[in-house]
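work.pdb (PDB, C-alpha atoms and all ligand atoms)
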ATOM      1  CA  MET A   1      34.708  -4.453  23.167  1.00  0.00           C
ATOM      2  CA  ALA A   2      31.511  -6.250  22.081  1.00  0.00           C
ATOM      3  CA  ASN A   3      31.240  -7.194  18.420  1.00  0.00           C
ATOM      4  CA  LEU A   4      27.740  -6.380  17.191  1.00  0.00           C
ATOM      5  CA  ARG A   5      26.264  -6.963  13.748  1.00  0.00           C
ATOM      6  CA  LEU A   6      22.716  -6.646  12.460  1.00  0.00           C
ATOM      7  CA  SER A   7      21.288  -8.340   9.369  1.00  0.00           C
ATOM      8  CA  VAL A   8      18.678  -6.182   7.614  1.00  0.00           C
ATOM      9  CA  ASP A   9      16.895  -6.393   4.262  1.00  0.00           C
ATOM     10  CA  THR A  10      18.788  -4.895   1.292  1.00  0.00           C
ATOM     11  CA  TYR A  11      15.981  -2.415   0.632  1.00  0.00           C
ATOM     12  CA  TRP A  12      15.919  -1.157   4.217  1.00  0.00           C
ATOM     13  CA  THR A  13      12.132  -1.426   4.352  1.00  0.00           C
ATOM     14  CA  SER A  14      11.607  -4.103   7.024  1.00  0.00           C
ATOM     15  CA  PRO A  15       9.739  -2.572  10.000  1.00  0.00           C
ATOM     16  CA  TYR A  16      11.276  -5.291  12.177  1.00  0.00           C
ATOM     17  CA  ALA A  17      14.837  -4.584  11.075  1.00  0.00           C
ATOM     18  CA  PHE A  18      13.992  -0.891  11.592  1.00  0.00           C
ATOM     19  CA  SER A  19      13.112  -1.556  15.239  1.00  0.00           C
ATOM     20  CA  ALA A  20      16.310  -3.495  15.950  1.00  0.00           C
ATOM     21  CA  PHE A  21      18.434  -0.939  14.096  1.00  0.00           C
ATOM     22  CA  VAL A  22      16.927   1.989  16.038  1.00  0.00           C
ATOM     23  CA  ALA A  23      17.421   0.049  19.285  1.00  0.00           C
ATOM     24  CA  LEU A  24      21.107  -0.459  18.473  1.00  0.00           C
ATOM     25  CA  LYS A  25      21.566   3.186  17.510  1.00  0.00           C
ATOM     26  CA  GLU A  26      19.904   4.305  20.741  1.00  0.00           C
ATOM     27  CA  LYS A  27      22.368   2.180  22.722  1.00  0.00           C
ATOM     28  CA  GLY A  28      25.196   4.075  21.075  1.00  0.00           C
ATOM     29  CA  HIS A  29      27.457   1.032  20.808  1.00  0.00           C
ATOM     30  CA  PRO A  30      29.211   0.671  17.417  1.00  0.00           C
ATOM     31  CA  PHE A  31      27.776  -2.065  15.195  1.00  0.00           C
ATOM     32  CA  SER A  32      27.997  -3.195  11.598  1.00  0.00           C
ATOM     33  CA  VAL A  33      25.100  -3.877   9.248  1.00  0.00           C
ATOM     34  CA  HIS A  34      24.799  -6.854   6.929  1.00  0.00           C
ATOM     35  CA  PRO A  35      22.181  -6.322   4.188  1.00  0.00           C
ATOM     36  CA  VAL A  36      20.506  -9.583   3.149  1.00  0.00           C
ATOM     37  CA  ALA A  37      18.913  -9.928  -0.318  1.00  0.00           C
ATOM     38  CA  LEU A  38      15.587 -11.508   0.619  1.00  0.00           C
ATOM     39  CA  HIS A  39      14.481 -11.399  -3.043  1.00  0.00           C
ATOM     40  CA  LEU A  40      17.449 -13.672  -3.850  1.00  0.00           C
ATOM     41  CA  GLY A  41      16.695 -16.012  -0.951  1.00  0.00           C
ATOM     42  CA  GLU A  42      19.942 -15.252   0.903  1.00  0.00           C
ATOM     43  CA  HIS A  43      18.126 -15.645   4.221  1.00  0.00           C
ATOM     44  CA  LYS A  44      17.315 -19.253   3.298  1.00  0.00           C
ATOM     45  CA  HIS A  45      20.979 -20.237   2.892  1.00  0.00           C
ATOM     46  CA  PRO A  46      21.701 -23.081   5.370  1.00  0.00           C
ATOM     47  CA  ASP A  47      24.175 -20.946   7.373  1.00  0.00           C
ATOM     48  CA  ALA A  48      21.706 -18.070   7.595  1.00  0.00           C
ATOM     49  CA  LEU A  49      18.894 -20.436   8.628  1.00  0.00           C
ATOM     50  CA  ALA A  50      21.064 -22.081  11.256  1.00  0.00           C
ATOM     51  CA  ALA A  51      21.769 -18.650  12.763  1.00  0.00           C
ATOM     52  CA  SER A  52      18.309 -17.085  12.569  1.00  0.00           C
ATOM     53  CA  LEU A  53      16.321 -20.307  13.202  1.00  0.00           C
ATOM     54  CA  THR A  54      13.327 -18.472  11.691  1.00  0.00           C
ATOM     55  CA  GLY A  55      14.670 -17.711   8.216  1.00  0.00           C
ATOM     56  CA  ARG A  56      13.907 -14.011   8.612  1.00  0.00           C
ATOM     57  CA  VAL A  57      15.586 -10.681   9.226  1.00  0.00           C
ATOM     58  CA  PRO A  58      16.544  -8.954  11.421  1.00  0.00           C
ATOM     59  CA  VAL A  59      19.231 -11.091  13.033  1.00  0.00           C
ATOM     60  CA  LEU A  60      21.472  -9.662  15.735  1.00  0.00           C
ATOM     61  CA  TRP A  61      24.965 -11.103  16.100  1.00  0.00           C
ATOM     62  CA  HIS A  62      26.679 -10.470  19.434  1.00  0.00           C
ATOM     63  CA  ASP A  63      30.183 -11.910  19.760  1.00  0.00           C
ATOM     64  CA  GLY A  64      29.230 -14.746  17.393  1.00  0.00           C
ATOM     65  CA  TRP A  65      25.877 -15.543  19.067  1.00  0.00           C
ATOM     66  CA  ALA A  66      22.799 -14.949  16.886  1.00  0.00           C
ATOM     67  CA  LEU A  67      19.225 -13.912  17.722  1.00  0.00           C
ATOM     68  CA  SER A  68      16.246 -13.190  15.462  1.00  0.00           C
ATOM     69  CA  GLU A  69      12.782 -11.695  16.228  1.00  0.00           C
ATOM     70  CA  SER A  70      12.911  -7.931  16.533  1.00  0.00           C
ATOM     71  CA  SER A  71      11.194  -7.532  19.897  1.00  0.00           C
ATOM     72  CA  ALA A  72      13.429 -10.244  21.406  1.00  0.00           C
ATOM     73  CA  ILE A  73      16.440  -8.372  19.985  1.00  0.00           C
ATOM     74  CA  ASP A  74      15.218  -5.093  21.509  1.00  0.00           C
ATOM     75  CA  GLU A  75      14.763  -6.741  24.907  1.00  0.00           C
ATOM     76  CA  TYR A  76      18.101  -8.545  24.711  1.00  0.00           C
ATOM     77  CA  LEU A  77      19.896  -5.292  23.921  1.00  0.00           C
ATOM     78  CA  ASP A  78      18.311  -3.652  26.959  1.00  0.00           C
ATOM     79  CA  ASP A  79      19.551  -6.539  29.121  1.00  0.00           C
ATOM     80  CA  ALA A  80      23.010  -6.883  27.590  1.00  0.00           C
ATOM     81  CA  PHE A  81      23.678  -3.126  27.428  1.00  0.00           C
ATOM     82  CA  ALA A  82      21.709  -2.144  30.482  1.00  0.00           C
ATOM     83  CA  PRO A  83      21.150   1.219  32.132  1.00  0.00           C
ATOM     84  CA  PRO A  84      22.755   3.184  33.727  1.00  0.00           C
ATOM     85  CA  GLY A  85      25.736   2.489  31.486  1.00  0.00           C
ATOM     86  CA  TYR A  86      23.549   2.656  28.384  1.00  0.00           C
ATOM     87  CA  PRO A  87      20.301   4.498  27.559  1.00  0.00           C
ATOM     88  CA  ARG A  88      17.138   2.614  28.443  1.00  0.00           C
ATOM     89  CA  LEU A  89      15.004   1.100  25.620  1.00  0.00           C
ATOM     90  CA  PHE A  90      12.042   0.031  27.771  1.00  0.00           C
ATOM     91  CA  PRO A  91      10.438   2.012  30.601  1.00  0.00           C
ATOM     92  CA  GLU A  92      11.615   1.296  34.143  1.00  0.00           C
ATOM     93  CA  ASP A  93       8.103   1.135  35.572  1.00  0.00           C
ATOM     94  CA  ALA A  94       6.635  -2.390  35.295  1.00  0.00           C
ATOM     95  CA  ARG A  95       3.241  -1.267  33.968  1.00  0.00           C
ATOM     96  CA  GLU A  96       4.712   1.145  31.455  1.00  0.00           C
ATOM     97  CA  ARG A  97       7.118  -1.576  30.331  1.00  0.00           C
ATOM     98  CA  ALA A  98       4.177  -3.957  29.961  1.00  0.00           C
ATOM     99  CA  ARG A  99       2.270  -1.335  27.967  1.00  0.00           C
ATOM    100  CA  ALA A 100       5.254  -0.837  25.664  1.00  0.00           C
ATOM    101  CA  ARG A 101       5.510  -4.602  25.086  1.00  0.00           C
ATOM    102  CA  GLN A 102       1.755  -4.807  24.519  1.00  0.00           C
ATOM    103  CA  LEU A 103       1.913  -2.129  21.838  1.00  0.00           C
ATOM    104  CA  MET A 104       4.919  -3.754  20.171  1.00  0.00           C
ATOM    105  CA  ALA A 105       3.165  -7.132  20.094  1.00  0.00           C
ATOM    106  CA  TRP A 106       0.009  -5.512  18.730  1.00  0.00           C
ATOM    107  CA  VAL A 107       1.660  -3.697  15.821  1.00  0.00           C
ATOM    108  CA  ARG A 108       3.449  -6.950  14.915  1.00  0.00           C
ATOM    109  CA  SER A 109       0.428  -9.263  15.106  1.00  0.00           C
ATOM    110  CA  ASP A 110      -2.612  -7.151  14.169  1.00  0.00           C
ATOM    111  CA  LEU A 111      -3.612  -4.381  11.726  1.00  0.00           C
ATOM    112  CA  MET A 112      -2.790  -6.604   8.770  1.00  0.00           C
ATOM    113  CA  PRO A 113      -4.966  -4.660   6.270  1.00  0.00           C
ATOM    114  CA  ILE A 114      -2.913  -1.504   6.929  1.00  0.00           C
ATOM    115  CA  ARG A 115       0.331  -3.429   6.606  1.00  0.00           C
ATOM    116  CA  LEU A 116      -0.825  -4.882   3.273  1.00  0.00           C
ATOM    117  CA  GLU A 117      -2.340  -1.722   1.779  1.00  0.00           C
ATOM    118  CA  ARG A 118       0.216   0.736   3.151  1.00  0.00           C
ATOM    119  CA  PRO A 119       3.479  -1.239   2.992  1.00  0.00           C
ATOM    120  CA  THR A 120       6.671   0.334   4.257  1.00  0.00           C
ATOM    121  CA  THR A 121       7.848   0.788   0.656  1.00  0.00           C
ATOM    122  CA  THR A 122       5.411   3.736   0.615  1.00  0.00           C
ATOM    123  CA  LEU A 123       7.506   5.315   3.391  1.00  0.00           C
ATOM    124  CA  PHE A 124      10.992   4.619   2.086  1.00  0.00           C
ATOM    125  CA  TYR A 125      10.546   4.788  -1.703  1.00  0.00           C
ATOM    126  CA  GLU A 126       8.963   7.520  -3.797  1.00  0.00           C
ATOM    127  CA  ASN A 127       6.005   7.234  -6.153  1.00  0.00           C
ATOM    128  CA  MET A 128       4.710   3.902  -4.867  1.00  0.00           C
ATOM    129  CA  ASP A 129       1.179   3.149  -6.044  1.00  0.00           C
ATOM    130  CA  VAL A 130      -1.452   3.506  -3.305  1.00  0.00           C
ATOM    131  CA  GLN A 131      -5.176   2.874  -3.658  1.00  0.00           C
ATOM    132  CA  PRO A 132      -7.917   4.100  -1.290  1.00  0.00           C
ATOM    133  CA  LEU A 133      -8.097   1.967   1.861  1.00  0.00           C
ATOM    134  CA  SER A 134     -10.459  -1.011   1.756  1.00  0.00           C
ATOM    135  CA  THR A 135     -13.282  -1.211   4.298  1.00  0.00           C
ATOM    136  CA  ALA A 136     -11.188  -3.636   6.360  1.00  0.00           C
ATOM    137  CA  ALA A 137      -8.196  -1.272   6.328  1.00  0.00           C
ATOM    138  CA  GLN A 138     -10.398   1.667   7.266  1.00  0.00           C
ATOM    139  CA  GLY A 139     -11.533  -0.347  10.269  1.00  0.00           C
ATOM    140  CA  SER A 140      -7.910  -1.076  11.227  1.00  0.00           C
ATOM    141  CA  ALA A 141      -7.016   2.590  10.741  1.00  0.00           C
ATOM    142  CA  ALA A 142      -9.829   3.658  13.066  1.00  0.00           C
ATOM    143  CA  ARG A 143      -8.597   1.187  15.720  1.00  0.00           C
ATOM    144  CA  LEU A 144      -4.992   2.341  15.340  1.00  0.00           C
ATOM    145  CA  LEU A 145      -5.913   6.002  15.630  1.00  0.00           C
ATOM    146  CA  GLY A 146      -8.188   5.222  18.579  1.00  0.00           C
ATOM    147  CA  VAL A 147      -5.265   3.628  20.430  1.00  0.00           C
ATOM    148  CA  ALA A 148      -3.021   6.561  19.511  1.00  0.00           C
ATOM    149  CA  ASP A 149      -5.615   8.973  20.856  1.00  0.00           C
ATOM    150  CA  ALA A 150      -5.851   7.011  24.106  1.00  0.00           C
ATOM    151  CA  LEU A 151      -2.091   6.661  24.662  1.00  0.00           C
ATOM    152  CA  ILE A 152      -0.564   9.907  23.391  1.00  0.00           C
ATOM    153  CA  ALA A 153      -1.035  12.655  25.950  1.00  0.00           C
ATOM    154  CA  SER A 154      -1.667  16.141  24.560  1.00  0.00           C
ATOM    155  CA  GLY A 155       1.574  18.091  24.264  1.00  0.00           C
ATOM    156  CA  ARG A 156       3.757  14.969  24.608  1.00  0.00           C
ATOM    157  CA  THR A 157       5.804  13.432  21.816  1.00  0.00           C
ATOM    158  CA  THR A 158       6.655  10.180  23.606  1.00  0.00           C
ATOM    159  CA  LEU A 159       4.285   7.568  25.035  1.00  0.00           C
ATOM    160  CA  PHE A 160       5.894   7.797  28.464  1.00  0.00           C
ATOM    161  CA  ALA A 161       8.122  10.367  30.178  1.00  0.00           C
ATOM    162  CA  SER A 162      10.997   9.624  27.800  1.00  0.00           C
ATOM    163  CA  PHE A 163      11.617   7.715  24.575  1.00  0.00           C
ATOM    164  CA  CYS A 164      11.168   3.974  24.503  1.00  0.00           C
ATOM    165  CA  ILE A 165      11.568   1.603  21.556  1.00  0.00           C
ATOM    166  CA  ALA A 166       7.775   1.172  21.328  1.00  0.00           C
ATOM    167  CA  ASP A 167       7.637   4.836  20.264  1.00  0.00           C
ATOM    168  CA  ALA A 168       9.641   4.089  17.130  1.00  0.00           C
ATOM    169  CA  ASP A 169       7.503   1.045  16.255  1.00  0.00           C
ATOM    170  CA  PHE A 170       4.240   2.857  16.946  1.00  0.00           C
ATOM    171  CA  ALA A 171       5.286   5.942  14.952  1.00  0.00           C
ATOM    172  CA  LEU A 172       6.215   3.777  11.965  1.00  0.00           C
ATOM    173  CA  MET A 173       2.807   2.099  12.024  1.00  0.00           C
ATOM    174  CA  LEU A 174       1.028   5.469  12.263  1.00  0.00           C
ATOM    175  CA  LEU A 175       3.174   6.897   9.496  1.00  0.00           C
ATOM    176  CA  ARG A 176       1.788   4.309   7.071  1.00  0.00           C
ATOM    177  CA  LEU A 177      -1.469   6.267   7.362  1.00  0.00           C
ATOM    178  CA  LEU A 178      -0.177   9.808   7.815  1.00  0.00           C
ATOM    179  CA  TRP A 179       2.208   9.829   4.866  1.00  0.00           C
ATOM    180  CA  ASN A 180      -0.511   8.442   2.688  1.00  0.00           C
ATOM    181  CA  ALA A 181      -2.778  11.422   3.356  1.00  0.00           C
ATOM    182  CA  HIS A 182      -4.892   9.817   6.093  1.00  0.00           C
ATOM    183  CA  PRO A 183      -6.306  12.463   8.470  1.00  0.00           C
ATOM    184  CA  ALA A 184      -5.114  12.285  12.086  1.00  0.00           C
ATOM    185  CA  PRO A 185      -5.439  14.508  15.165  1.00  0.00           C
ATOM    186  CA  LYS A 186      -2.753  17.191  15.566  1.00  0.00           C
ATOM    187  CA  LYS A 187      -1.263  15.556  18.671  1.00  0.00           C
ATOM    188  CA  VAL A 188      -0.780  12.306  16.737  1.00  0.00           C
ATOM    189  CA  GLN A 189       0.850  14.189  13.858  1.00  0.00           C
ATOM    190  CA  ALA A 190       3.177  15.983  16.298  1.00  0.00           C
ATOM    191  CA  TYR A 191       4.058  12.675  17.971  1.00  0.00           C
ATOM    192  CA  VAL A 192       4.926  10.991  14.673  1.00  0.00           C
ATOM    193  CA  GLU A 193       6.913  13.989  13.411  1.00  0.00           C
ATOM    194  CA  ALA A 194       8.975  14.105  16.611  1.00  0.00           C
ATOM    195  CA  GLN A 195       9.701  10.390  16.482  1.00  0.00           C
ATOM    196  CA  TRP A 196      10.654  10.575  12.816  1.00  0.00           C
ATOM    197  CA  ALA A 197      13.130  13.345  13.622  1.00  0.00           C
ATOM    198  CA  ARG A 198      15.060  11.259  16.181  1.00  0.00           C
ATOM    199  CA  PRO A 199      18.686  10.771  15.099  1.00  0.00           C
ATOM    200  CA  SER A 200      18.426   6.964  15.513  1.00  0.00           C
ATOM    201  CA  VAL A 201      15.375   6.936  13.222  1.00  0.00           C
ATOM    202  CA  ARG A 202      16.940   9.351  10.706  1.00  0.00           C
ATOM    203  CA  ALA A 203      19.931   7.012  10.438  1.00  0.00           C
ATOM    204  CA  TRP A 204      17.566   4.323   9.090  1.00  0.00           C
ATOM    205  CA  VAL A 205      15.411   6.637   6.951  1.00  0.00           C
ATOM    206  CA  GLU A 206      18.393   8.272   5.267  1.00  0.00           C
ATOM    207  CA  GLN A 207      20.099   5.053   4.191  1.00  0.00           C
ATOM    208  CA  LYS A 208      20.971   4.905   0.509  1.00  0.00           C
ATOM    209  CA  ARG A 209      18.630   2.312  -1.013  1.00  0.00           C
ATOM    210  CA  PRO A 210      18.955   0.371  -4.267  1.00  0.00           C
ATOM    211  CA  PRO A 211      16.122   0.788  -6.810  1.00  0.00           C
ATOM    212  CA  TYR A 212      13.172  -1.204  -5.524  1.00  0.00           C
ATOM    213  CA  VAL A 213      12.317  -4.355  -7.486  1.00  0.00           C
ATOM    214  CA  PRO A 214       9.016  -5.927  -6.361  1.00  0.00           C
ATOM    215  CA  TYR A 215       9.323  -9.628  -5.488  1.00  0.00           C
TER     216      TYR A 215
HETATM  217  N1  LIG B 301       8.306 -11.390  13.809  1.00  0.00           N
HETATM  218  C1  LIG B 301       9.518 -11.140  13.065  1.00  0.00           C
HETATM  219  C2  LIG B 301       9.147 -10.804  11.631  1.00  0.00           C
HETATM  220  C3  LIG B 301      10.380 -10.715  10.732  1.00  0.00           C
HETATM  221  C4  LIG B 301      10.003 -10.692   9.258  1.00  0.00           C
HETATM  222  O1  LIG B 301       8.861 -11.029   8.885  1.00  0.00           O
HETATM  223  N2  LIG B 301      10.953 -10.280   8.436  1.00  0.00           N
HETATM  224  C5  LIG B 301      10.715 -10.297   7.008  1.00  0.00           C
HETATM  225  C6  LIG B 301      11.210  -8.977   6.380  1.00  0.00           C
HETATM  226  S1  LIG B 301      10.104  -7.650   6.818  1.00  0.00           S
HETATM  227  C7  LIG B 301      11.502 -11.423   6.378  1.00  0.00           C
HETATM  228  O2  LIG B 301      12.570 -11.748   6.812  1.00  0.00           O
HETATM  229  N3  LIG B 301      10.927 -12.011   5.325  1.00  0.00           N
HETATM  230  C8  LIG B 301      11.566 -13.051   4.584  1.00  0.00           C
HETATM  231  C9  LIG B 301      10.714 -14.289   4.466  1.00  0.00           C
HETATM  232  O3  LIG B 301       9.736 -14.406   5.224  1.00  0.00           O
HETATM  233  O4  LIG B 301      11.028 -15.102   3.624  1.00  0.00           O
HETATM  234  C10 LIG B 301      10.286  -9.993  13.746  1.00  0.00           C
HETATM  235  O5  LIG B 301       9.667  -9.213  14.482  1.00  0.00           O
HETATM  236  O6  LIG B 301      11.514  -9.905  13.564  1.00  0.00           O
END
Please express the file's structure as structure tokens.
Amino acid sequence: MANLRLSVDTYWTSPYAFSAFVALKEKGHPFSVHPVALHLGEHKHPDALAASLTGRVPVLWHDGWALSESSAIDEYLDDAFAPPGYPRLFPEDARERARARQLMAWVRSDLMPIRLERPTTTLFYENMDVQPLSTAAQGSAARLLGVADALIASGRTTLFASFCIADADFALMLLRLLWNAHPAPKKVQAYVEAQWARPSVRAWVEQKRPPYVPY
């Protein structure tokens, strides 16, 4: 049986580790988790660097072989544990699969003001300080909600006919606004709520976390 291990941050707040963790859970294959203390520089240890190459989490270990970069991990898992034996992480249709990858690349490379002003600590820890969004973040929020409005069909709680890993990533990005009292259309709220109720997502959300120490 395959030996799978995932390195995540000790606080369980990394949106990238979240994506890889949800992907693994969706596959249903047993795996272990290795929390890495980023605030103590554990990811910069020579062994960790040699494995990740990038000096970041998440890192997936599969039978001793290591891979970092969350979207590469998600795609690798869909290749290594492919349908029909395992649930699909990316849509079968080429254009839907491309759209999912586009969205995943976008939430990782853009919308920086939202990521800075609504960090994931505001989702996974209580009583985090939040200030009103800056003008730049309001602009990013309008773009994010515009994309959500264009891609989420009324009455549907997944982007495509069934769940794909882009749903989890997209919901997490939207949640940065919604859980910080940002208004959003009902269909977007319903989409995010449904995604946040998925068992694979709950498994991440409900992790026991150590007290958060800013670093
Ligand atoms: N593009 C990478 C980003 C990974 C990343 O930035 N991880 C952060 C935690 S959220 C990290 O390891 N930070 C430690 C550092 O940069 O020193 C991915 O998608 O996996």
Inset, instruction - Return as a list of chain:residue names every polymer residue, whether protein, DNA or RNA, with at least one atom no more than 8 Å from an atom of ligand LIG 301 (chain B); count only C-alpha atoms and all ligand atoms. - result: A:Asp9, A:Thr13, A:Ser14, A:Pro15, A:Tyr16, A:Ala17, A:Leu38, A:Gly41, A:His43, A:Lys44, A:Gly55, A:Arg56, A:Val57, A:Pro58, A:Val59, A:Ser68, A:Glu69, A:Ser70, A:Ser71, A:Ala72, A:Arg108
Legend entry - d(CA of Glu117 (chain A), CA of Trp12 (chain A)) in Å: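 Interatomic distance, CA of Glu117 (chain A) to CA of Trp12 (chain A): 18.4 Å.
Counting from CA of Lys187 (chain A), the distance to CA of Ser154 (chain A) is 5.9 Å.
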Legend entry - Near-Ser200 (chain A) list (6 Å; only C-alpha atoms; drop same-chain fewer than 3 positions) as a list in words: Val22, Lys25 and Ala203 of chain A
Legend entry - Nearest residue to Trp106 (chain A) from the set A:Trp61, A:Phe163, A:Phe170, A:Phe81 (distances using all atoms listed in the file):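 Closest candidate: A:Phe170.
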Legend entry - Residues returned when the PyMOL selection byres (((chain A and resi 4) around 10) and not hetatm) runs on this file, as a PyMOL selection string: chain A and resi 1-3+5-6+24+29-33+60-66
Keeping only C-alpha atoms, take the residues you just selected and write them out as an mmCIF file, in the coordinates of the input.
data_model
loop_
_atom_site.group_PDB
_atom_site.id
_atom_site.type_symbol
_atom_site.label_atom_id
_atom_site.label_comp_id
_atom_site.auth_asym_id
_atom_site.auth_seq_id
_atom_site.Cartn_x
_atom_site.Cartn_y
_atom_site.Cartn_z
ATOM 1 C CA MET A 1 34.708 -4.453 23.167
ATOM 2 C CA ALA A 2 31.511 -6.250 22.081
ATOM 3 C CA ASN A 3 31.240 -7.194 18.420
ATOM 4 C CA ARG A 5 26.264 -6.963 13.748
ATOM 5 C CA LEU A 6 22.716 -6.646 12.460
ATOM 6 C CA LEU A 24 21.107 -0.459 18.473
ATOM 7 C CA HIS A 29 27.457 1.032 20.808
ATOM 8 C CA PRO A 30 29.211 0.671 17.417
ATOM 9 C CA PHE A 31 27.776 -2.065 15.195
ATOM 10 C CA SER A 32 27.997 -3.195 11.598
ATOM 11 C CA VAL A 33 25.100 -3.877 9.248
ATOM 12 C CA LEU A 60 21.472 -9.662 15.735
ATOM 13 C CA TRP A 61 24.965 -11.103 16.100
ATOM 14 C CA HIS A 62 26.679 -10.470 19.434
ATOM 15 C CA ASP A 63 30.183 -11.910 19.760
ATOM 16 C CA GLY A 64 29.230 -14.746 17.393
ATOM 17 C CA TRP A 65 25.877 -15.543 19.067
ATOM 18 C CA ALA A 66 22.799 -14.949 16.886
#
Return as AutoDock Vina command-line options the centre and edge lengths, in Å with one decimal, of the box along x, y and z that encloses every atom of region 193-198 of chain A in the file, padded by 5 Å per side.
--center_x 11.0 --center_y 12.2 --center_z 14.7 --size_x 18.1 --size_y 13.7 --size_z 13.8
Legend entry - Straight-line distance linking CA of Gln138 (chain A) with CA of Gln189 (chain A), stated in Å to one decimal: 18.1 Å
Legend entry - Nearest residue to Asp149 (chain A) from the set A:Ala161, A:Ala181, A:Val188, A:Leu111 (distances using only C-alpha atoms): A:Val188
Legend entry - Nearest to Ala105 (chain A), chosen from A:Ala166, A:His34, A:Pro83, A:Phe18, with all atoms listed in the file counted in the distances: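 Comparing A:Ala166, A:His34, A:Pro83, A:Phe18 against Ala105 (chain A), the winner is A:Ala166.
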Region 4-18 of chain A from the block above, N, CA and C atoms, as a PDB file, in the first residue's frame, please?
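Done, and the output landed in part.pdb:
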ATOM      1  N   LEU A   4       1.865   7.620   2.202  1.00  0.00           N
ATOM      2  CA  LEU A   4       1.648   9.038   1.891  1.00  0.00           C
ATOM      3  C   LEU A   4       1.787   9.883   3.145  1.00  0.00           C
ATOM      4  N   ARG A   5       2.504  11.009   3.007  1.00  0.00           N
ATOM      5  CA  ARG A   5       2.649  11.925   4.137  1.00  0.00           C
ATOM      6  C   ARG A   5       2.584  13.349   3.599  1.00  0.00           C
ATOM      7  N   LEU A   6       1.965  14.227   4.374  1.00  0.00           N
ATOM      8  CA  LEU A   6       1.864  15.626   3.953  1.00  0.00           C
ATOM      9  C   LEU A   6       2.435  16.528   5.031  1.00  0.00           C
ATOM     10  N   SER A   7       3.362  17.411   4.651  1.00  0.00           N
ATOM     11  CA  SER A   7       3.853  18.428   5.583  1.00  0.00           C
ATOM     12  C   SER A   7       2.943  19.647   5.495  1.00  0.00           C
ATOM     13  N   VAL A   8       2.491  20.114   6.652  1.00  0.00           N
ATOM     14  CA  VAL A   8       1.625  21.309   6.719  1.00  0.00           C
ATOM     15  C   VAL A   8       2.230  22.259   7.754  1.00  0.00           C
ATOM     16  N   ASP A   9       1.702  23.473   7.835  1.00  0.00           N
ATOM     17  CA  ASP A   9       2.185  24.392   8.873  1.00  0.00           C
ATOM     18  C   ASP A   9       1.568  24.019  10.229  1.00  0.00           C
ATOM     19  N   THR A  10       2.309  24.251  11.303  1.00  0.00           N
ATOM     20  CA  THR A  10       1.834  23.852  12.645  1.00  0.00           C
ATOM     21  C   THR A  10       0.505  24.507  13.019  1.00  0.00           C
ATOM     22  N   TYR A  11       0.257  25.694  12.470  1.00  0.00           N
ATOM     23  CA  TYR A  11      -0.986  26.397  12.844  1.00  0.00           C
ATOM     24  C   TYR A  11      -2.179  25.976  11.988  1.00  0.00           C
ATOM     25  N   TRP A  12      -1.916  25.184  10.972  1.00  0.00           N
ATOM     26  CA  TRP A  12      -2.993  24.752  10.067  1.00  0.00           C
ATOM     27  C   TRP A  12      -3.724  25.971   9.487  1.00  0.00           C
ATOM     28  N   THR A  13      -2.966  26.926   8.994  1.00  0.00           N
ATOM     29  CA  THR A  13      -3.590  28.103   8.378  1.00  0.00           C
ATOM     30  C   THR A  13      -3.194  28.264   6.908  1.00  0.00           C
ATOM     31  N   SER A  14      -2.229  27.478   6.432  1.00  0.00           N
ATOM     32  CA  SER A  14      -1.755  27.672   5.057  1.00  0.00           C
ATOM     33  C   SER A  14      -2.853  27.285   4.053  1.00  0.00           C
ATOM     34  N   PRO A  15      -3.259  28.225   3.177  1.00  0.00           N
ATOM     35  CA  PRO A  15      -4.279  27.881   2.181  1.00  0.00           C
ATOM     36  C   PRO A  15      -3.760  26.853   1.179  1.00  0.00           C
ATOM     37  N   TYR A  16      -2.434  26.776   1.048  1.00  0.00           N
ATOM     38  CA  TYR A  16      -1.846  25.829   0.090  1.00  0.00           C
ATOM     39  C   TYR A  16      -1.828  24.423   0.702  1.00  0.00           C
ATOM     40  N   ALA A  17      -1.442  24.351   1.976  1.00  0.00           N
ATOM     41  CA  ALA A  17      -1.499  23.061   2.661  1.00  0.00           C
ATOM     42  C   ALA A  17      -2.956  22.578   2.737  1.00  0.00           C
ATOM     43  N   PHE A  18      -3.869  23.537   2.954  1.00  0.00           N
ATOM     44  CA  PHE A  18      -5.307  23.214   2.964  1.00  0.00           C
ATOM     45  C   PHE A  18      -5.706  22.490   1.679  1.00  0.00           C
TER      46      PHE A  18
END
